[in-house]
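The structure under discussion appears below in the form of structure tokens.
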Number of protein chains: 2
Amino acid sequence: MIHQRECPIETVIHVLGGKWKPTILWHLVESTRRYNDLEKLIPDVSQKMLTQHLRDLEQEGVVLRTVYPTVPPKVEYSLSEYGRTLVPVAEVMCAWGEQHNERKQKEPAS
Amino acid sequence: MIHQRECPIETVIHVLGGKWKPTILWHLVESTRRYNDLEKLIPDVSQKMLTQHLRDLEQEGVVLRTVYPTVPPKVEYSLSEYGRTLVPVAEVMCAWGEQHNERKQKEPAS
DNA sequence: TCACACCCTTACTTTTAAGTATGTGGCGTA
DNA sequence: TACGCCACATACTTAAAAGTAAGGGTGTGA
């Protein structure tokens, strides 16, 4: 938080670059989710990291957090409209990443 | 190195996600460079990180390393053809990142 | 009265990335 | 003889990210 990011690629990496952030985003592209849902969909994430990543994504404007003041509390997470502008970027990255993974599998040496 | 990457977005982040990698790539898109050139072009990078990032990029197949057995030694780094397939991905990321940086400047409070 | 559901928070530890400082090899030059 | 050039390698330290474990607040049902 202490320095401004001059490199826009680093910006994207910062927004998308938590260990579970792509997975979270992926689930939110499909549908709005509650905290509990995400925990179940991503069994290996710890509560701490899930909360922290959701907060990060919220602060970047990518994710919307809606609290219903019911008992017990209900909190919904969804992609913001702005967050949807990130989807094509993620798709381009995905496509290259997939191809790269395949390539790496074929030539494990080199 | 110990686990295979299942998420292709993480793959891209892994390839591009060192502190100086986007900068290195950027300079190699423009031209082939020698180790010394890169040191001068990126004054803040340490030798250790420059070497390490170049090795990483080489191992991913993105960068070519050519050694001329002269004295003193001469080593050239360049983007491979495969590395050039990464450029459009980087450009898409760049575009979103720039826009995102502007947006963040305008609304420092959420 | 007690546990449970939901959505977290906090403190502490481990792992990973990056930074700092110093050393290496072989040849040309002074 | 010593010194510098180029492209590193290695060891050690610091900082950042992630993991682990435990607690909290509130109202409802048993």
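Within each chain, counting starts at residue 1; across the structure tokens, chains are named A, B, ... in the order shown, with ligands numbered 1 upward in that order.
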Per residue of chain A within 8 Å of chain D, record the nearest atom pair and its distance in Å to one decimal, counting only C-alpha atoms (C1' of nucleotides), with rows in chain order and ascending residue number, as JSON lines.
{"residue": "A:Ser46", "atom": "CA", "partner": "D:DG19", "partner_atom": "C1'", "distance": 7.6}
{"residue": "A:Met49", "atom": "CA", "partner": "D:DA18", "partner_atom": "C1'", "distance": 7.7}
{"residue": "A:Val71", "atom": "CA", "partner": "D:DG27", "partner_atom": "C1'", "distance": 6.4}
{"residue": "A:Pro72", "atom": "CA", "partner": "D:DG27", "partner_atom": "C1'", "distance": 7.3}
Quick one: write out the picked residues with N, CA and C atoms as a PDB file, in the first residue's frame?
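Contents of again-v9.pdb, freshly written:
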ATOM      1  N   SER A  46      -8.256 -21.108   3.770  1.00  0.00           N
ATOM      2  CA  SER A  46      -8.539 -20.844   5.184  1.00  0.00           C
ATOM      3  C   SER A  46      -9.478 -19.645   5.290  1.00  0.00           C
ATOM      4  N   MET A  49      -7.668 -16.326   4.795  1.00  0.00           N
ATOM      5  CA  MET A  49      -7.316 -15.926   3.439  1.00  0.00           C
ATOM      6  C   MET A  49      -8.558 -15.606   2.614  1.00  0.00           C
ATOM      7  N   VAL A  71     -30.675 -12.132  11.241  1.00  0.00           N
ATOM      8  CA  VAL A  71     -30.044 -12.985  12.235  1.00  0.00           C
ATOM      9  C   VAL A  71     -30.364 -14.425  11.908  1.00  0.00           C
ATOM     10  N   PRO A  72     -29.337 -15.226  11.706  1.00  0.00           N
ATOM     11  CA  PRO A  72     -27.915 -14.872  11.646  1.00  0.00           C
ATOM     12  C   PRO A  72     -27.605 -14.040  10.420  1.00  0.00           C
TER      13      PRO A  72
END
Restrict the distance test to only C-alpha atoms (C1' of nucleotides), flag each residue of chain A within 10 Å of chain C, and return the flagged residues as a compact mmCIF listing (two decimals) with N, CA, C and O atoms, in the first residue's frame.
# COMPACT_ATOMS: atom_id res chain seq x y z
N ARG A 34 -22.51 -16.63 -1.15
CA ARG A 34 -22.35 -16.26 0.25
C ARG A 34 -21.00 -16.76 0.75
O ARG A 34 -20.38 -17.63 0.13
N TYR A 35 -20.60 -16.19 1.86
CA TYR A 35 -19.30 -16.56 2.44
C TYR A 35 -19.19 -18.08 2.61
O TYR A 35 -18.21 -18.71 2.20
N ASN A 36 -20.22 -18.62 3.16
CA ASN A 36 -20.28 -20.07 3.38
C ASN A 36 -20.16 -20.89 2.10
O ASN A 36 -19.49 -21.92 2.08
N GLN A 47 -10.17 -19.58 6.41
CA GLN A 47 -11.09 -18.45 6.61
C GLN A 47 -10.35 -17.13 6.50
O GLN A 47 -10.84 -16.17 5.92
N LYS A 48 -9.18 -17.11 7.08
CA LYS A 48 -8.41 -15.87 7.06
C LYS A 48 -8.14 -15.40 5.64
O LYS A 48 -8.37 -14.24 5.30
N THR A 51 -11.41 -14.36 3.71
CA THR A 51 -11.83 -13.02 4.11
C THR A 51 -10.90 -11.95 3.54
O THR A 51 -11.35 -10.95 2.97
N VAL A 71 -30.68 -12.13 11.24
CA VAL A 71 -30.04 -12.99 12.24
C VAL A 71 -30.36 -14.43 11.91
O VAL A 71 -31.54 -14.78 11.83
N PRO A 72 -29.34 -15.23 11.71
CA PRO A 72 -27.91 -14.87 11.65
C PRO A 72 -27.60 -14.04 10.42
O PRO A 72 -28.35 -14.07 9.45
N PRO A 73 -26.52 -13.30 10.47
CA PRO A 73 -26.19 -12.40 9.36
C PRO A 73 -26.04 -13.13 8.02
O PRO A 73 -25.68 -14.29 7.98
N LYS A 74 -26.34 -12.39 6.98
CA LYS A 74 -26.20 -12.94 5.63
C LYS A 74 -25.38 -11.96 4.81
O LYS A 74 -25.68 -10.78 4.76
N VAL A 75 -24.35 -12.46 4.19
CA VAL A 75 -23.47 -11.60 3.40
C VAL A 75 -23.31 -12.22 2.03
O VAL A 75 -23.01 -13.41 1.90
Would you write out chain B as a compact mmCIF listing (two decimals) with N, CA, C and O atoms, in the first residue's frame, after superposing it on chain A by least squares over all in-order Cα pairs?
# COMPACT_ATOMS: atom_id res chain seq x y z
N MET B 1 0.79 -1.38 0.05
CA MET B 1 -0.04 -0.20 0.04
C MET B 1 0.82 1.07 0.04
O MET B 1 0.32 2.16 -0.06
N ILE B 2 2.10 0.91 0.20
CA ILE B 2 2.92 2.06 0.53
C ILE B 2 3.45 2.78 -0.70
O ILE B 2 3.76 3.96 -0.67
N HIS B 3 3.49 2.10 -1.82
CA HIS B 3 3.98 2.77 -3.03
C HIS B 3 2.95 2.64 -4.14
O HIS B 3 2.20 1.67 -4.22
N GLN B 4 2.90 3.65 -4.96
CA GLN B 4 2.00 3.56 -6.09
C GLN B 4 2.59 2.61 -7.13
O GLN B 4 3.80 2.49 -7.28
N ARG B 5 1.70 1.93 -7.81
CA ARG B 5 2.18 0.98 -8.82
C ARG B 5 2.31 1.71 -10.14
O ARG B 5 1.35 2.21 -10.70
N GLU B 6 3.51 1.73 -10.64
CA GLU B 6 3.70 2.39 -11.92
C GLU B 6 3.45 1.44 -13.09
O GLU B 6 2.96 1.83 -14.13
N CYS B 7 3.76 0.15 -12.89
CA CYS B 7 3.64 -0.81 -13.99
C CYS B 7 2.26 -1.44 -14.00
O CYS B 7 1.86 -2.12 -13.06
N PRO B 8 1.50 -1.20 -15.08
CA PRO B 8 0.12 -1.70 -15.12
C PRO B 8 0.02 -3.21 -15.11
O PRO B 8 -1.00 -3.75 -14.68
N ILE B 9 1.05 -3.88 -15.56
CA ILE B 9 1.02 -5.35 -15.49
C ILE B 9 1.08 -5.80 -14.04
O ILE B 9 0.35 -6.69 -13.62
N GLU B 10 1.92 -5.12 -13.29
CA GLU B 10 1.97 -5.42 -11.86
C GLU B 10 0.64 -5.14 -11.19
O GLU B 10 0.26 -5.82 -10.24
N THR B 11 -0.05 -4.13 -11.68
CA THR B 11 -1.37 -3.83 -11.13
C THR B 11 -2.28 -5.03 -11.29
O THR B 11 -2.94 -5.44 -10.33
N VAL B 12 -2.32 -5.59 -12.48
CA VAL B 12 -3.18 -6.75 -12.71
C VAL B 12 -2.73 -7.91 -11.84
O VAL B 12 -3.56 -8.60 -11.22
N ILE B 13 -1.45 -8.09 -11.74
CA ILE B 13 -0.94 -9.18 -10.91
C ILE B 13 -1.31 -8.95 -9.45
O ILE B 13 -1.64 -9.88 -8.72
N HIS B 14 -1.30 -7.69 -9.06
CA HIS B 14 -1.68 -7.38 -7.69
C HIS B 14 -3.16 -7.68 -7.45
O HIS B 14 -3.53 -8.25 -6.41
N VAL B 15 -3.99 -7.34 -8.40
CA VAL B 15 -5.43 -7.54 -8.23
C VAL B 15 -5.78 -9.03 -8.26
O VAL B 15 -6.61 -9.51 -7.48
N LEU B 16 -5.11 -9.75 -9.15
CA LEU B 16 -5.47 -11.15 -9.39
C LEU B 16 -4.53 -12.11 -8.67
O LEU B 16 -4.76 -13.33 -8.67
N GLY B 17 -3.52 -11.58 -8.01
CA GLY B 17 -2.38 -12.41 -7.66
C GLY B 17 -2.37 -13.01 -6.28
O GLY B 17 -1.34 -13.46 -5.83
N GLY B 18 -3.48 -13.05 -5.57
CA GLY B 18 -3.48 -13.85 -4.36
C GLY B 18 -3.68 -15.31 -4.71
O GLY B 18 -4.18 -15.64 -5.79
N LYS B 19 -3.32 -16.15 -3.81
CA LYS B 19 -3.33 -17.58 -4.10
C LYS B 19 -4.71 -18.08 -4.51
O LYS B 19 -4.83 -18.98 -5.34
N TRP B 20 -5.77 -17.49 -3.94
CA TRP B 20 -7.11 -18.02 -4.20
C TRP B 20 -7.96 -17.05 -5.01
O TRP B 20 -9.12 -17.32 -5.29
N LYS B 21 -7.42 -15.92 -5.39
CA LYS B 21 -8.24 -14.91 -6.04
C LYS B 21 -8.83 -15.35 -7.37
O LYS B 21 -10.01 -15.12 -7.62
N PRO B 22 -8.04 -15.98 -8.24
CA PRO B 22 -8.66 -16.41 -9.49
C PRO B 22 -9.80 -17.39 -9.25
O PRO B 22 -10.86 -17.29 -9.90
N THR B 23 -9.64 -18.26 -8.30
CA THR B 23 -10.69 -19.22 -7.99
C THR B 23 -11.94 -18.52 -7.46
O THR B 23 -13.07 -18.83 -7.88
N ILE B 24 -11.74 -17.59 -6.56
CA ILE B 24 -12.87 -16.83 -6.03
C ILE B 24 -13.61 -16.12 -7.17
O ILE B 24 -14.83 -16.22 -7.31
N LEU B 25 -12.84 -15.43 -8.00
CA LEU B 25 -13.44 -14.71 -9.13
C LEU B 25 -14.25 -15.65 -10.01
O LEU B 25 -15.38 -15.35 -10.41
N TRP B 26 -13.65 -16.78 -10.28
CA TRP B 26 -14.31 -17.76 -11.13
C TRP B 26 -15.68 -18.14 -10.60
O TRP B 26 -16.68 -18.17 -11.34
N HIS B 27 -15.77 -18.36 -9.30
CA HIS B 27 -17.05 -18.73 -8.72
C HIS B 27 -18.03 -17.56 -8.72
O HIS B 27 -19.24 -17.76 -8.84
N LEU B 28 -17.49 -16.35 -8.60
CA LEU B 28 -18.39 -15.19 -8.61
C LEU B 28 -18.85 -14.81 -10.01
O LEU B 28 -19.88 -14.15 -10.17
N VAL B 29 -18.08 -15.21 -11.02
CA VAL B 29 -18.54 -15.01 -12.39
C VAL B 29 -19.80 -15.84 -12.61
O VAL B 29 -20.77 -15.37 -13.21
N GLU B 30 -19.79 -17.03 -12.07
CA GLU B 30 -20.93 -17.92 -12.26
C GLU B 30 -22.18 -17.43 -11.54
O GLU B 30 -23.28 -17.54 -12.05
N SER B 31 -21.98 -16.91 -10.35
CA SER B 31 -23.14 -16.54 -9.54
C SER B 31 -22.71 -15.75 -8.31
O SER B 31 -21.57 -15.82 -7.88
N THR B 32 -23.65 -15.01 -7.76
CA THR B 32 -23.47 -14.42 -6.44
C THR B 32 -23.33 -15.54 -5.42
O THR B 32 -23.98 -16.57 -5.54
N ARG B 33 -22.45 -15.32 -4.44
CA ARG B 33 -22.21 -16.38 -3.45
C ARG B 33 -22.17 -15.79 -2.05
O ARG B 33 -21.75 -14.65 -1.87
N ARG B 34 -22.54 -16.59 -1.11
CA ARG B 34 -22.36 -16.22 0.29
C ARG B 34 -21.01 -16.72 0.77
O ARG B 34 -20.38 -17.59 0.15
N TYR B 35 -20.60 -16.15 1.88
CA TYR B 35 -19.30 -16.52 2.45
C TYR B 35 -19.18 -18.04 2.62
O TYR B 35 -18.19 -18.66 2.20
N ASN B 36 -20.23 -18.58 3.19
CA ASN B 36 -20.28 -20.02 3.41
C ASN B 36 -20.17 -20.83 2.13
O ASN B 36 -19.50 -21.87 2.10
N ASP B 37 -20.84 -20.36 1.10
CA ASP B 37 -20.78 -21.04 -0.20
C ASP B 37 -19.35 -21.13 -0.68
O ASP B 37 -18.87 -22.19 -1.11
N LEU B 38 -18.67 -19.99 -0.58
CA LEU B 38 -17.29 -19.95 -1.09
C LEU B 38 -16.40 -20.89 -0.28
O LEU B 38 -15.55 -21.58 -0.85
N GLU B 39 -16.61 -20.93 1.00
CA GLU B 39 -15.85 -21.87 1.83
C GLU B 39 -16.03 -23.30 1.35
O GLU B 39 -15.07 -24.08 1.31
N LYS B 40 -17.27 -23.61 0.99
CA LYS B 40 -17.54 -24.99 0.57
C LYS B 40 -17.00 -25.25 -0.83
O LYS B 40 -16.51 -26.34 -1.15
N LEU B 41 -17.10 -24.22 -1.67
CA LEU B 41 -16.64 -24.39 -3.06
C LEU B 41 -15.11 -24.48 -3.14
O LEU B 41 -14.57 -25.05 -4.08
N ILE B 42 -14.45 -23.88 -2.19
CA ILE B 42 -12.98 -23.85 -2.18
C ILE B 42 -12.51 -24.44 -0.86
O ILE B 42 -12.14 -23.73 0.07
N PRO B 43 -12.51 -25.76 -0.80
CA PRO B 43 -12.32 -26.41 0.50
C PRO B 43 -10.96 -26.12 1.14
O PRO B 43 -10.85 -26.11 2.36
N ASP B 44 -9.96 -25.83 0.34
CA ASP B 44 -8.62 -25.69 0.90
C ASP B 44 -8.29 -24.29 1.39
O ASP B 44 -7.23 -24.08 1.99
N VAL B 45 -9.16 -23.34 1.12
CA VAL B 45 -8.84 -21.99 1.56
C VAL B 45 -9.15 -21.84 3.05
O VAL B 45 -10.13 -22.40 3.55
N SER B 46 -8.31 -21.12 3.74
CA SER B 46 -8.58 -20.85 5.15
C SER B 46 -9.51 -19.66 5.26
O SER B 46 -9.61 -18.83 4.35
N GLN B 47 -10.20 -19.57 6.38
CA GLN B 47 -11.11 -18.44 6.59
C GLN B 47 -10.36 -17.13 6.48
O GLN B 47 -10.84 -16.17 5.88
N LYS B 48 -9.20 -17.11 7.07
CA LYS B 48 -8.42 -15.89 7.03
C LYS B 48 -8.15 -15.42 5.60
O LYS B 48 -8.37 -14.26 5.26
N MET B 49 -7.69 -16.32 4.76
CA MET B 49 -7.34 -15.93 3.40
C MET B 49 -8.57 -15.62 2.58
O MET B 49 -8.56 -14.70 1.77
N LEU B 50 -9.64 -16.36 2.81
CA LEU B 50 -10.87 -16.07 2.08
C LEU B 50 -11.34 -14.66 2.41
O LEU B 50 -11.60 -13.84 1.50
N THR B 51 -11.41 -14.35 3.67
CA THR B 51 -11.82 -13.00 4.08
C THR B 51 -10.89 -11.95 3.51
O THR B 51 -11.32 -10.94 2.94
N GLN B 52 -9.61 -12.20 3.65
CA GLN B 52 -8.63 -11.20 3.22
C GLN B 52 -8.70 -10.96 1.72
O GLN B 52 -8.69 -9.81 1.25
N HIS B 53 -8.82 -12.03 0.95
CA HIS B 53 -8.91 -11.87 -0.50
C HIS B 53 -10.20 -11.18 -0.91
O HIS B 53 -10.21 -10.35 -1.82
N LEU B 54 -11.28 -11.51 -0.23
CA LEU B 54 -12.54 -10.85 -0.55
C LEU B 54 -12.44 -9.36 -0.24
O LEU B 54 -12.91 -8.51 -1.01
N ARG B 55 -11.81 -9.02 0.87
CA ARG B 55 -11.61 -7.60 1.20
C ARG B 55 -10.76 -6.91 0.14
O ARG B 55 -11.04 -5.78 -0.27
N ASP B 56 -9.70 -7.57 -0.26
CA ASP B 56 -8.83 -7.00 -1.30
C ASP B 56 -9.62 -6.73 -2.57
O ASP B 56 -9.56 -5.64 -3.15
N LEU B 57 -10.37 -7.73 -3.00
CA LEU B 57 -11.12 -7.60 -4.24
C LEU B 57 -12.20 -6.53 -4.12
O LEU B 57 -12.48 -5.80 -5.07
N GLU B 58 -12.76 -6.43 -2.95
CA GLU B 58 -13.76 -5.40 -2.71
C GLU B 58 -13.11 -4.02 -2.81
O GLU B 58 -13.64 -3.10 -3.45
N GLN B 59 -11.94 -3.90 -2.22
CA GLN B 59 -11.27 -2.60 -2.23
C GLN B 59 -10.86 -2.19 -3.64
O GLN B 59 -10.80 -1.00 -3.96
N GLU B 60 -10.58 -3.15 -4.47
CA GLU B 60 -10.23 -2.84 -5.85
C GLU B 60 -11.46 -2.53 -6.69
O GLU B 60 -11.34 -2.20 -7.87
N GLY B 61 -12.62 -2.71 -6.11
CA GLY B 61 -13.85 -2.41 -6.83
C GLY B 61 -14.34 -3.55 -7.69
O GLY B 61 -15.31 -3.40 -8.44
N VAL B 62 -13.71 -4.68 -7.56
CA VAL B 62 -14.04 -5.82 -8.43
C VAL B 62 -15.22 -6.61 -7.88
O VAL B 62 -16.03 -7.14 -8.62
N VAL B 63 -15.30 -6.64 -6.57
CA VAL B 63 -16.32 -7.45 -5.90
C VAL B 63 -17.21 -6.55 -5.05
O VAL B 63 -16.73 -5.59 -4.43
N LEU B 64 -18.48 -6.85 -5.06
CA LEU B 64 -19.44 -6.14 -4.21
C LEU B 64 -19.78 -7.00 -3.00
O LEU B 64 -20.01 -8.20 -3.13
N ARG B 65 -19.85 -6.35 -1.87
CA ARG B 65 -20.20 -7.04 -0.62
C ARG B 65 -21.51 -6.45 -0.11
O ARG B 65 -21.62 -5.26 0.12
N THR B 66 -22.51 -7.30 0.02
CA THR B 66 -23.82 -6.85 0.46
C THR B 66 -24.17 -7.56 1.76
O THR B 66 -24.20 -8.79 1.80
N VAL B 67 -24.43 -6.76 2.78
CA VAL B 67 -24.75 -7.31 4.09
C VAL B 67 -26.23 -7.16 4.35
O VAL B 67 -26.77 -6.06 4.23
N TYR B 68 -26.90 -8.23 4.69
CA TYR B 68 -28.29 -8.18 5.10
C TYR B 68 -28.33 -8.28 6.62
O TYR B 68 -27.83 -9.25 7.18
N PRO B 69 -28.90 -7.27 7.27
CA PRO B 69 -28.84 -7.24 8.73
C PRO B 69 -29.85 -8.18 9.36
O PRO B 69 -30.70 -7.77 10.13
N THR B 70 -29.74 -9.42 9.04
CA THR B 70 -30.62 -10.44 9.60
C THR B 70 -29.85 -11.18 10.69
O THR B 70 -28.68 -10.96 10.90
N VAL B 71 -30.55 -12.06 11.36
CA VAL B 71 -29.90 -12.90 12.35
C VAL B 71 -30.25 -14.34 12.04
O VAL B 71 -31.42 -14.69 11.99
N PRO B 72 -29.24 -15.14 11.82
CA PRO B 72 -27.81 -14.81 11.75
C PRO B 72 -27.51 -13.97 10.51
O PRO B 72 -28.29 -14.00 9.56
N PRO B 73 -26.42 -13.24 10.53
CA PRO B 73 -26.11 -12.34 9.42
C PRO B 73 -25.98 -13.07 8.09
O PRO B 73 -25.64 -14.24 8.04
N LYS B 74 -26.28 -12.32 7.04
CA LYS B 74 -26.15 -12.88 5.69
C LYS B 74 -25.34 -11.90 4.86
O LYS B 74 -25.64 -10.70 4.84
N VAL B 75 -24.31 -12.40 4.23
CA VAL B 75 -23.44 -11.55 3.43
C VAL B 75 -23.29 -12.17 2.05
O VAL B 75 -22.97 -13.36 1.93
N GLU B 76 -23.55 -11.36 1.05
CA GLU B 76 -23.43 -11.86 -0.33
C GLU B 76 -22.29 -11.17 -1.06
O GLU B 76 -22.13 -9.96 -0.95
N TYR B 77 -21.56 -11.94 -1.80
CA TYR B 77 -20.50 -11.40 -2.63
C TYR B 77 -20.85 -11.61 -4.09
O TYR B 77 -21.32 -12.68 -4.48
N SER B 78 -20.59 -10.56 -4.88
CA SER B 78 -20.87 -10.68 -6.32
C SER B 78 -19.84 -9.86 -7.10
O SER B 78 -19.19 -8.98 -6.55
N LEU B 79 -19.73 -10.16 -8.36
CA LEU B 79 -18.89 -9.35 -9.24
C LEU B 79 -19.57 -8.02 -9.50
O LEU B 79 -20.76 -7.99 -9.84
N SER B 80 -18.84 -6.94 -9.37
CA SER B 80 -19.39 -5.65 -9.76
C SER B 80 -19.36 -5.54 -11.28
O SER B 80 -18.73 -6.35 -11.97
N GLU B 81 -20.04 -4.53 -11.78
CA GLU B 81 -19.98 -4.31 -13.24
C GLU B 81 -18.54 -4.07 -13.66
O GLU B 81 -18.07 -4.58 -14.68
N TYR B 82 -17.88 -3.30 -12.83
CA TYR B 82 -16.47 -3.05 -13.12
C TYR B 82 -15.68 -4.36 -13.10
O TYR B 82 -14.82 -4.60 -13.96
N GLY B 83 -15.99 -5.20 -12.15
CA GLY B 83 -15.32 -6.49 -12.06
C GLY B 83 -15.48 -7.30 -13.34
O GLY B 83 -14.57 -8.07 -13.70
N ARG B 84 -16.61 -7.10 -14.00
CA ARG B 84 -16.83 -7.87 -15.24
C ARG B 84 -15.88 -7.44 -16.35
O ARG B 84 -15.61 -8.21 -17.28
N THR B 85 -15.35 -6.24 -16.24
CA THR B 85 -14.37 -5.82 -17.26
C THR B 85 -13.07 -6.61 -17.13
O THR B 85 -12.24 -6.64 -18.03
N LEU B 86 -12.92 -7.23 -15.96
CA LEU B 86 -11.71 -8.02 -15.75
C LEU B 86 -11.82 -9.40 -16.39
O LEU B 86 -10.80 -10.06 -16.64
N VAL B 87 -13.04 -9.82 -16.65
CA VAL B 87 -13.24 -11.18 -17.14
C VAL B 87 -12.54 -11.44 -18.48
O VAL B 87 -11.84 -12.45 -18.62
N PRO B 88 -12.67 -10.55 -19.45
CA PRO B 88 -11.95 -10.81 -20.71
C PRO B 88 -10.44 -10.87 -20.52
O PRO B 88 -9.77 -11.67 -21.17
N VAL B 89 -9.94 -10.05 -19.61
CA VAL B 89 -8.50 -10.09 -19.32
C VAL B 89 -8.14 -11.46 -18.78
O VAL B 89 -7.18 -12.11 -19.22
N ALA B 90 -8.94 -11.92 -17.82
CA ALA B 90 -8.69 -13.23 -17.24
C ALA B 90 -8.78 -14.32 -18.29
O ALA B 90 -8.01 -15.29 -18.26
N GLU B 91 -9.68 -14.14 -19.25
CA GLU B 91 -9.82 -15.18 -20.28
C GLU B 91 -8.60 -15.25 -21.18
O GLU B 91 -8.14 -16.33 -21.54
N VAL B 92 -8.08 -14.09 -21.53
CA VAL B 92 -6.86 -14.07 -22.35
C VAL B 92 -5.72 -14.73 -21.59
O VAL B 92 -4.96 -15.54 -22.14
N MET B 93 -5.61 -14.38 -20.33
CA MET B 93 -4.56 -14.99 -19.52
C MET B 93 -4.74 -16.49 -19.44
O MET B 93 -3.80 -17.27 -19.58
N CYS B 94 -5.97 -16.89 -19.21
CA CYS B 94 -6.31 -18.30 -19.12
C CYS B 94 -5.88 -19.06 -20.37
O CYS B 94 -5.28 -20.13 -20.28
N ALA B 95 -6.20 -18.49 -21.51
CA ALA B 95 -5.91 -19.18 -22.76
C ALA B 95 -4.40 -19.40 -22.91
O ALA B 95 -3.93 -20.50 -23.22
N TRP B 96 -3.65 -18.36 -22.63
CA TRP B 96 -2.19 -18.50 -22.75
C TRP B 96 -1.67 -19.49 -21.70
O TRP B 96 -0.83 -20.33 -21.98
N GLY B 97 -2.20 -19.38 -20.51
CA GLY B 97 -1.76 -20.25 -19.42
C GLY B 97 -2.01 -21.72 -19.72
O GLY B 97 -1.16 -22.57 -19.46
N GLU B 98 -3.17 -22.00 -20.30
CA GLU B 98 -3.48 -23.39 -20.64
C GLU B 98 -2.51 -23.93 -21.67
O GLU B 98 -1.97 -25.03 -21.53
N GLN B 99 -2.32 -23.15 -22.68
CA GLN B 99 -1.39 -23.53 -23.74
C GLN B 99 0.01 -23.75 -23.18
O GLN B 99 0.70 -24.71 -23.50
N HIS B 100 0.39 -22.87 -22.29
CA HIS B 100 1.71 -22.95 -21.69
C HIS B 100 1.84 -24.20 -20.82
O HIS B 100 2.88 -24.87 -20.85
N ASN B 101 0.80 -24.53 -20.10
CA ASN B 101 0.85 -25.74 -19.27
C ASN B 101 1.00 -26.99 -20.13
O ASN B 101 1.77 -27.89 -19.80
N GLU B 102 0.27 -27.01 -21.24
CA GLU B 102 0.39 -28.17 -22.14
C GLU B 102 1.81 -28.29 -22.68
O GLU B 102 2.41 -29.35 -22.68
N ARG B 103 2.32 -27.16 -23.11
CA ARG B 103 3.67 -27.12 -23.65
C ARG B 103 4.69 -27.64 -22.65
O ARG B 103 5.58 -28.42 -23.00
N LYS B 104 4.51 -27.21 -21.41
CA LYS B 104 5.45 -27.63 -20.36
C LYS B 104 5.35 -29.13 -20.09
O LYS B 104 6.33 -29.78 -19.76
N GLN B 105 4.14 -29.66 -20.23
CA GLN B 105 3.98 -31.11 -20.00
C GLN B 105 4.71 -31.91 -21.06
O GLN B 105 5.31 -32.94 -20.77
N LYS B 106 4.63 -31.43 -22.29
CA LYS B 106 5.23 -32.18 -23.40
C LYS B 106 6.74 -32.20 -23.31
O LYS B 106 7.38 -33.20 -23.60
N GLU B 107 7.32 -31.07 -22.94
CA GLU B 107 8.78 -31.03 -22.84
C GLU B 107 9.21 -30.73 -21.40
O GLU B 107 9.48 -29.59 -21.06
N PRO B 108 9.27 -31.80 -20.60
CA PRO B 108 9.64 -31.57 -19.21
C PRO B 108 11.09 -31.14 -19.09
O PRO B 108 11.46 -30.39 -18.21
N ALA B 109 11.91 -31.61 -20.02
CA ALA B 109 13.27 -31.08 -20.09
C ALA B 109 13.27 -29.95 -21.12
O ALA B 109 12.55 -30.01 -22.10
N SER B 110 14.05 -28.96 -20.86
CA SER B 110 14.08 -27.78 -21.73
C SER B 110 14.81 -28.11 -23.02
O SER B 110 15.05 -27.25 -23.83
Exercise for the section: Write down as a PyMOL selection string the residues of chain B whose backbone DSSP state falls under helix (DSSP H, G or I). Expected result: chain B and resi 8-16+21-30+35-41+47-59+81-84+86-106
Handout entry: Members of region 6-97 of chain A assigned strand (DSSP E) by DSSP, as JSON, numbers by chain
Key = {"A": [33, 34, 63, 64, 65, 66, 67, 68, 74, 75, 76, 77, 78, 79]}
